[in-house]
Amino acid sequence: MNYIENSDVLDQENCELVAADSKEIPEDSSKENGLKSSKEEWWRIIEGIKEHESRLAEQGRTEDAEKIARGMDVFYPNDVVTEILKDGDGRISGIKRGEISLSDDDYYLADTQEPYSFRQVTWEDILGIMEEYSKNGYLPPIFSKGTVIWLSEEYESDSKTSRFYYPMQLPPWKSLQMIRKLDCWYADTDLDRREYAEEYQRIVSGILHGLVILNPKKLALEEVIKEWEVNFTEPEKSGYRAAFDEIRKGKIPIVRDCNYITD
């Protein structure tokens with residue numbers, strides 16, 4: 001396993017957390033969340049969620065995989081839409097049946113199936129699916145200052161539990177301050193030291209690679225959260241706290257990258 005330069009995760013089978021480019025879309029389409037983006041960003045969001053669905057299925061988390069899949073069932077890749085149109089089984093809004101007239105969009109949305117009726121994806125469609133996932137108990141990618149933030153996951157197959165991490169590049173001296181706090185907090189316990197030491201090592205490894213723990217199992221982070229956040233700056237501080245609060249409420253993050261640490 002190797003660390004990818006200029007990335008937010010460790011490399012496992014060539015997987016990495018994708019950082020989003022910032023390109024403008026019409027102001028009225030994005031003013032709700034302040035995100036200015038291009039369609040390329042939209043496709044990354046769709047692809048990231050589809051990757052998460054596949055990973056859940058591989059891990060045997062069938063119920064969650066099916067819930068995620070239901071939200072993605074209406075988004076069809078360009079090549080699939082092309083084949084459906086060639087077979088005469090569908091149409092694009094505004095295009096006569098049988099004609100092949102696709103733009104360069106990577107995905108299209110199916111308003112109806114049997115027969116298929118496709119149209120171009122809008123930013124409102126992306127926001128709508130994010131809201132739907134949130135209502136169903138999931139934490140979708142976070143929009144922050146023109147960037148889409150994907151959390152990282154450390155999934156343990158034995159316990160079937162996950163630790164989640166927020167991508168955050170910290171100056172060396174701030175990382176050191178956080179590690180010193182962890183030294184104090186993890187040393188102040190009478191419980192199984194081996195289990196605490198294992199989690200401590202994982203959290204420190206995350207900090208050194210630009211990933212800050214959101215839900216440790218052995219540390220009551222909510223009791224020291226204000227002291228923990230002292231080393232964060234905006235906009236990362238607000239994004240981290242939003243993710244922390246949502247996970248505490250029971251939301252399950254939708255992640256894009258591979259399992260950041262293997263057992």
# chains A, B, ... in the order shown; residues from 1 in each chain; ligands from 1

call {"tool": "residues_around", "arguments": {"residues": "stretch 199-206 of chain A", "least_positions_apart": "6", "cutoff": "10 Å", "atoms": "only C-alpha atoms", "output": "PyMOL selection string"}}
result
chain A and resi 8-10+152+154+163+165-168+175-176+178-179+182-183+185-187+193+212-214+216-219+260-261

call {"tool": "write_last_selection", "arguments": {"atoms": "N, CA, C and O atoms", "output": "mmCIF file, in the first residue's frame"}}
result
data_model
loop_
_atom_site.group_PDB
_atom_site.id
_atom_site.type_symbol
_atom_site.label_atom_id
_atom_site.label_comp_id
_atom_site.auth_asym_id
_atom_site.auth_seq_id
_atom_site.Cartn_x
_atom_site.Cartn_y
_atom_site.Cartn_z
ATOM 1 N N ASP A 8 -5.641 12.437 -0.984
ATOM 2 C CA ASP A 8 -6.096 12.436 0.396
ATOM 3 C C ASP A 8 -6.189 11.047 1.000
ATOM 4 O O ASP A 8 -6.676 10.888 2.104
ATOM 5 N N VAL A 9 -5.765 9.993 0.263
ATOM 6 C CA VAL A 9 -5.899 8.649 0.797
ATOM 7 C C VAL A 9 -4.671 7.830 0.477
ATOM 8 O O VAL A 9 -3.834 8.190 -0.341
ATOM 9 N N LEU A 10 -4.577 6.668 1.133
ATOM 10 C CA LEU A 10 -3.549 5.720 0.780
ATOM 11 C C LEU A 10 -4.009 4.909 -0.413
ATOM 12 O O LEU A 10 -5.191 4.599 -0.559
ATOM 13 N N SER A 152 -13.544 9.430 3.930
ATOM 14 C CA SER A 152 -12.857 8.147 3.778
ATOM 15 C C SER A 152 -13.393 7.153 4.809
ATOM 16 O O SER A 152 -13.861 7.549 5.876
ATOM 17 N N GLU A 154 -12.788 3.341 6.895
ATOM 18 C CA GLU A 154 -12.005 2.185 7.312
ATOM 19 C C GLU A 154 -13.015 1.138 7.782
ATOM 20 O O GLU A 154 -13.565 1.234 8.881
ATOM 21 N N ARG A 163 -14.927 3.158 10.696
ATOM 22 C CA ARG A 163 -14.471 4.462 11.161
ATOM 23 C C ARG A 163 -14.417 5.352 9.926
ATOM 24 O O ARG A 163 -13.991 4.921 8.862
ATOM 25 N N TYR A 165 -13.290 9.213 8.167
ATOM 26 C CA TYR A 165 -12.267 10.250 8.252
ATOM 27 C C TYR A 165 -12.607 11.403 7.319
ATOM 28 O O TYR A 165 -13.126 11.204 6.224
ATOM 29 N N TYR A 166 -12.266 12.607 7.772
ATOM 30 C CA TYR A 166 -12.490 13.806 6.976
ATOM 31 C C TYR A 166 -11.164 14.249 6.358
ATOM 32 O O TYR A 166 -10.155 14.366 7.065
ATOM 33 N N PRO A 167 -11.118 14.502 5.030
ATOM 34 C CA PRO A 167 -9.858 14.916 4.402
ATOM 35 C C PRO A 167 -9.468 16.329 4.822
ATOM 36 O O PRO A 167 -10.241 17.272 4.647
ATOM 37 N N MET A 168 -8.268 16.469 5.392
ATOM 38 C CA MET A 168 -7.833 17.770 5.882
ATOM 39 C C MET A 168 -6.305 17.799 5.967
ATOM 40 O O MET A 168 -5.712 17.044 6.734
ATOM 41 N N SER A 175 -0.558 19.152 13.374
ATOM 42 C CA SER A 175 -0.651 17.689 13.471
ATOM 43 C C SER A 175 -0.009 17.205 14.760
ATOM 44 O O SER A 175 -0.539 16.326 15.455
ATOM 45 N N LEU A 176 1.140 17.779 15.103
ATOM 46 C CA LEU A 176 1.842 17.396 16.331
ATOM 47 C C LEU A 176 0.997 17.727 17.559
ATOM 48 O O LEU A 176 0.915 16.920 18.501
ATOM 49 N N MET A 178 -2.242 17.863 17.746
ATOM 50 C CA MET A 178 -3.352 16.912 17.814
ATOM 51 C C MET A 178 -2.886 15.558 18.320
ATOM 52 O O MET A 178 -3.568 14.910 19.116
ATOM 53 N N ILE A 179 -1.722 15.126 17.885
ATOM 54 C CA ILE A 179 -1.188 13.840 18.334
ATOM 55 C C ILE A 179 -0.876 13.896 19.829
ATOM 56 O O ILE A 179 -1.086 12.922 20.568
ATOM 57 N N LEU A 182 -4.035 13.375 21.648
ATOM 58 C CA LEU A 182 -4.386 11.956 21.609
ATOM 59 C C LEU A 182 -3.561 11.166 22.620
ATOM 60 O O LEU A 182 -4.076 10.238 23.264
ATOM 61 N N ASP A 183 -2.290 11.513 22.768
ATOM 62 C CA ASP A 183 -1.439 10.852 23.763
ATOM 63 C C ASP A 183 -2.074 10.935 25.146
ATOM 64 O O ASP A 183 -2.138 9.935 25.884
ATOM 65 N N TRP A 185 -5.331 11.700 25.946
ATOM 66 C CA TRP A 185 -6.655 11.104 26.035
ATOM 67 C C TRP A 185 -6.606 9.578 26.052
ATOM 68 O O TRP A 185 -7.337 8.949 26.811
ATOM 69 N N TYR A 186 -5.757 8.995 25.223
ATOM 70 C CA TYR A 186 -5.704 7.531 25.168
ATOM 71 C C TYR A 186 -4.920 6.934 26.318
ATOM 72 O O TYR A 186 -5.079 5.755 26.642
ATOM 73 N N ALA A 187 -4.073 7.717 26.959
ATOM 74 C CA ALA A 187 -3.342 7.218 28.125
ATOM 75 C C ALA A 187 -4.215 7.231 29.374
ATOM 76 O O ALA A 187 -3.965 6.481 30.325
ATOM 77 N N ARG A 193 -5.613 -1.894 26.981
ATOM 78 C CA ARG A 193 -4.650 -0.982 26.372
ATOM 79 C C ARG A 193 -4.316 -1.371 24.938
ATOM 80 O O ARG A 193 -4.013 -0.512 24.125
ATOM 81 N N VAL A 212 -8.675 13.071 9.094
ATOM 82 C CA VAL A 212 -8.953 13.273 10.515
ATOM 83 C C VAL A 212 -10.162 12.446 10.935
ATOM 84 O O VAL A 212 -11.228 12.507 10.313
ATOM 85 N N ILE A 213 -10.001 11.666 11.995
ATOM 86 C CA ILE A 213 -11.043 10.752 12.468
ATOM 87 C C ILE A 213 -12.326 11.500 12.815
ATOM 88 O O ILE A 213 -12.301 12.600 13.375
ATOM 89 N N LEU A 214 -13.459 10.884 12.497
ATOM 90 C CA LEU A 214 -14.770 11.449 12.818
ATOM 91 C C LEU A 214 -15.493 10.666 13.908
ATOM 92 O O LEU A 214 -16.236 11.249 14.698
ATOM 93 N N PRO A 216 -14.226 7.790 16.360
ATOM 94 C CA PRO A 216 -13.441 6.746 17.033
ATOM 95 C C PRO A 216 -14.337 5.872 17.905
ATOM 96 O O PRO A 216 -15.377 6.329 18.393
ATOM 97 N N LYS A 217 -13.941 4.626 18.087
ATOM 98 C CA LYS A 217 -14.745 3.700 18.887
ATOM 99 C C LYS A 217 -14.407 3.782 20.370
ATOM 100 O O LYS A 217 -15.274 3.581 21.228
ATOM 101 N N LYS A 218 -13.149 4.055 20.690
ATOM 102 C CA LYS A 218 -12.684 4.014 22.072
ATOM 103 C C LYS A 218 -12.604 5.377 22.745
ATOM 104 O O LYS A 218 -12.482 5.456 23.957
ATOM 105 N N LEU A 219 -12.662 6.423 21.959
ATOM 106 C CA LEU A 219 -12.542 7.786 22.478
ATOM 107 C C LEU A 219 -13.878 8.514 22.350
ATOM 108 O O LEU A 219 -14.465 8.550 21.275
ATOM 109 N N TYR A 260 -9.283 2.730 3.657
ATOM 110 C CA TYR A 260 -8.015 3.450 3.801
ATOM 111 C C TYR A 260 -6.950 2.645 4.549
ATOM 112 O O TYR A 260 -5.763 2.804 4.344
ATOM 113 N N ILE A 261 -7.371 1.732 5.440
ATOM 114 C CA ILE A 261 -6.433 0.848 6.113
ATOM 115 C C ILE A 261 -6.996 -0.569 6.020
ATOM 116 O O ILE A 261 -8.166 -0.775 6.217
#

call {"tool": "residues_around", "arguments": {"residues": "A:Lys174", "least_positions_apart": "6", "cutoff": "12 Å", "atoms": "only C-alpha atoms", "output": "ChimeraX atom specification"}}
result
/A:168,180-181,207-208,210,228-233

call {"tool": "write_last_selection", "arguments": {"atoms": "N, CA and C atoms", "output": "JSON list (two decimals), in the first residue's frame"}}
result
[["chain", "number", "residue", "atom", "x", "y", "z"],
["A", 168, "MET", "N", -8.27, 16.47, 5.39],
["A", 168, "MET", "CA", -7.83, 17.77, 5.88],
["A", 168, "MET", "C", -6.31, 17.80, 5.97],
["A", 180, "ARG", "N", -0.39, 15.03, 20.32],
["A", 180, "ARG", "CA", -0.14, 15.18, 21.75],
["A", 180, "ARG", "C", -1.43, 15.09, 22.56],
["A", 181, "LYS", "N", -2.50, 15.67, 22.03],
["A", 181, "LYS", "CA", -3.80, 15.54, 22.70],
["A", 181, "LYS", "C", -4.23, 14.08, 22.75],
["A", 207, "ILE", "N", -4.05, 11.20, 10.49],
["A", 207, "ILE", "CA", -3.63, 12.60, 10.57],
["A", 207, "ILE", "C", -2.42, 12.86, 9.70],
["A", 208, "LEU", "N", -1.45, 11.97, 9.74],
["A", 208, "LEU", "CA", -0.22, 12.14, 8.97],
["A", 208, "LEU", "C", -0.45, 12.05, 7.47],
["A", 210, "GLY", "N", -3.39, 13.23, 6.05],
["A", 210, "GLY", "CA", -4.43, 14.17, 5.67],
["A", 210, "GLY", "C", -5.84, 13.70, 5.90],
["A", 228, "TRP", "N", -10.55, 19.60, 20.39],
["A", 228, "TRP", "CA", -10.07, 18.91, 19.18],
["A", 228, "TRP", "C", -10.10, 19.84, 17.97],
["A", 229, "GLU", "N", -11.14, 20.69, 17.89],
["A", 229, "GLU", "CA", -11.33, 21.56, 16.74],
["A", 229, "GLU", "C", -10.43, 22.79, 16.74],
["A", 230, "VAL", "N", -9.75, 23.04, 17.82],
["A", 230, "VAL", "CA", -8.92, 24.25, 17.94],
["A", 230, "VAL", "C", -7.91, 24.35, 16.80],
["A", 231, "ASN", "N", -7.43, 23.22, 16.32],
["A", 231, "ASN", "CA", -6.39, 23.21, 15.29],
["A", 231, "ASN", "C", -6.93, 23.29, 13.87],
["A", 232, "PHE", "N", -8.27, 23.35, 13.70],
["A", 232, "PHE", "CA", -8.86, 23.40, 12.37],
["A", 232, "PHE", "C", -9.11, 24.85, 11.96],
["A", 233, "THR", "N", -9.05, 25.11, 10.67],
["A", 233, "THR", "CA", -9.39, 26.42, 10.13],
["A", 233, "THR", "C", -10.54, 26.27, 9.13]]

call {"tool": "atom_distance", "arguments": {"atom1": "atom CA of A:Pro235", "atom2": "atom CA of A:Lys135"}}
result
24.6 Å

call {"tool": "atom_distance", "arguments": {"atom1": "atom CA of A:Lys145", "atom2": "atom CA of A:Val74"}}
result
28.1 Å

call {"tool": "atom_distance", "arguments": {"atom1": "atom CA of A:Asp105", "atom2": "atom CA of A:Asn78"}}
result
6.8 Å

call {"tool": "closest_residue", "arguments": {"among": "A:Arg194, A:Tyr116, A:Ser162, A:Leu151", "to": "A:Glu83", "atoms": "only C-alpha atoms"}}
result
A:Tyr116

call {"tool": "closest_residue", "arguments": {"among": "A:Glu195, A:Asp158, A:Asp104, A:Glu131", "to": "A:Gln59", "atoms": "only C-alpha atoms"}}
result
A:Asp158

call {"tool": "closest_residue", "arguments": {"among": "A:Lys39, A:Glu153, A:Ser54, A:Asp245", "to": "A:Ser103", "atoms": "only C-alpha atoms"}}
result
A:Lys39

call {"tool": "select_by_dssp", "arguments": {"residues": "stretch 25-187 of chain A", "states": "helix (DSSP H, G or I)", "output": "PyMOL selection string"}}
result
chain A and resi 27-30+39-58+62-72+78-86+123-135+172-187

call {"tool": "select_by_dssp", "arguments": {"residues": "stretch 88-253 of chain A", "states": "strand (DSSP E)", "output": "VMD selection string"}}
result
chain A and resid 90 to 92 107 to 112 116 to 120 138 to 139 142 to 144 147 to 149 152 to 156 161 to 167 211 to 213 252 to 253

call {"tool": "closest_residue", "arguments": {"among": "A:Arg256, A:Arg61, A:Arg119, A:Lys67", "to": "A:Arg91", "atoms": "only C-alpha atoms"}}
result
A:Arg119

call {"tool": "closest_residue", "arguments": {"among": "A:Leu221, A:Ala110, A:Val255, A:Leu211", "to": "A:Phe75", "atoms": "only C-alpha atoms"}}
result
A:Ala110

call {"tool": "closest_residue", "arguments": {"among": "A:Glu227, A:Ile68, A:His52, A:Glu41", "to": "A:Gly146", "atoms": "only C-alpha atoms"}}
result
A:Glu41
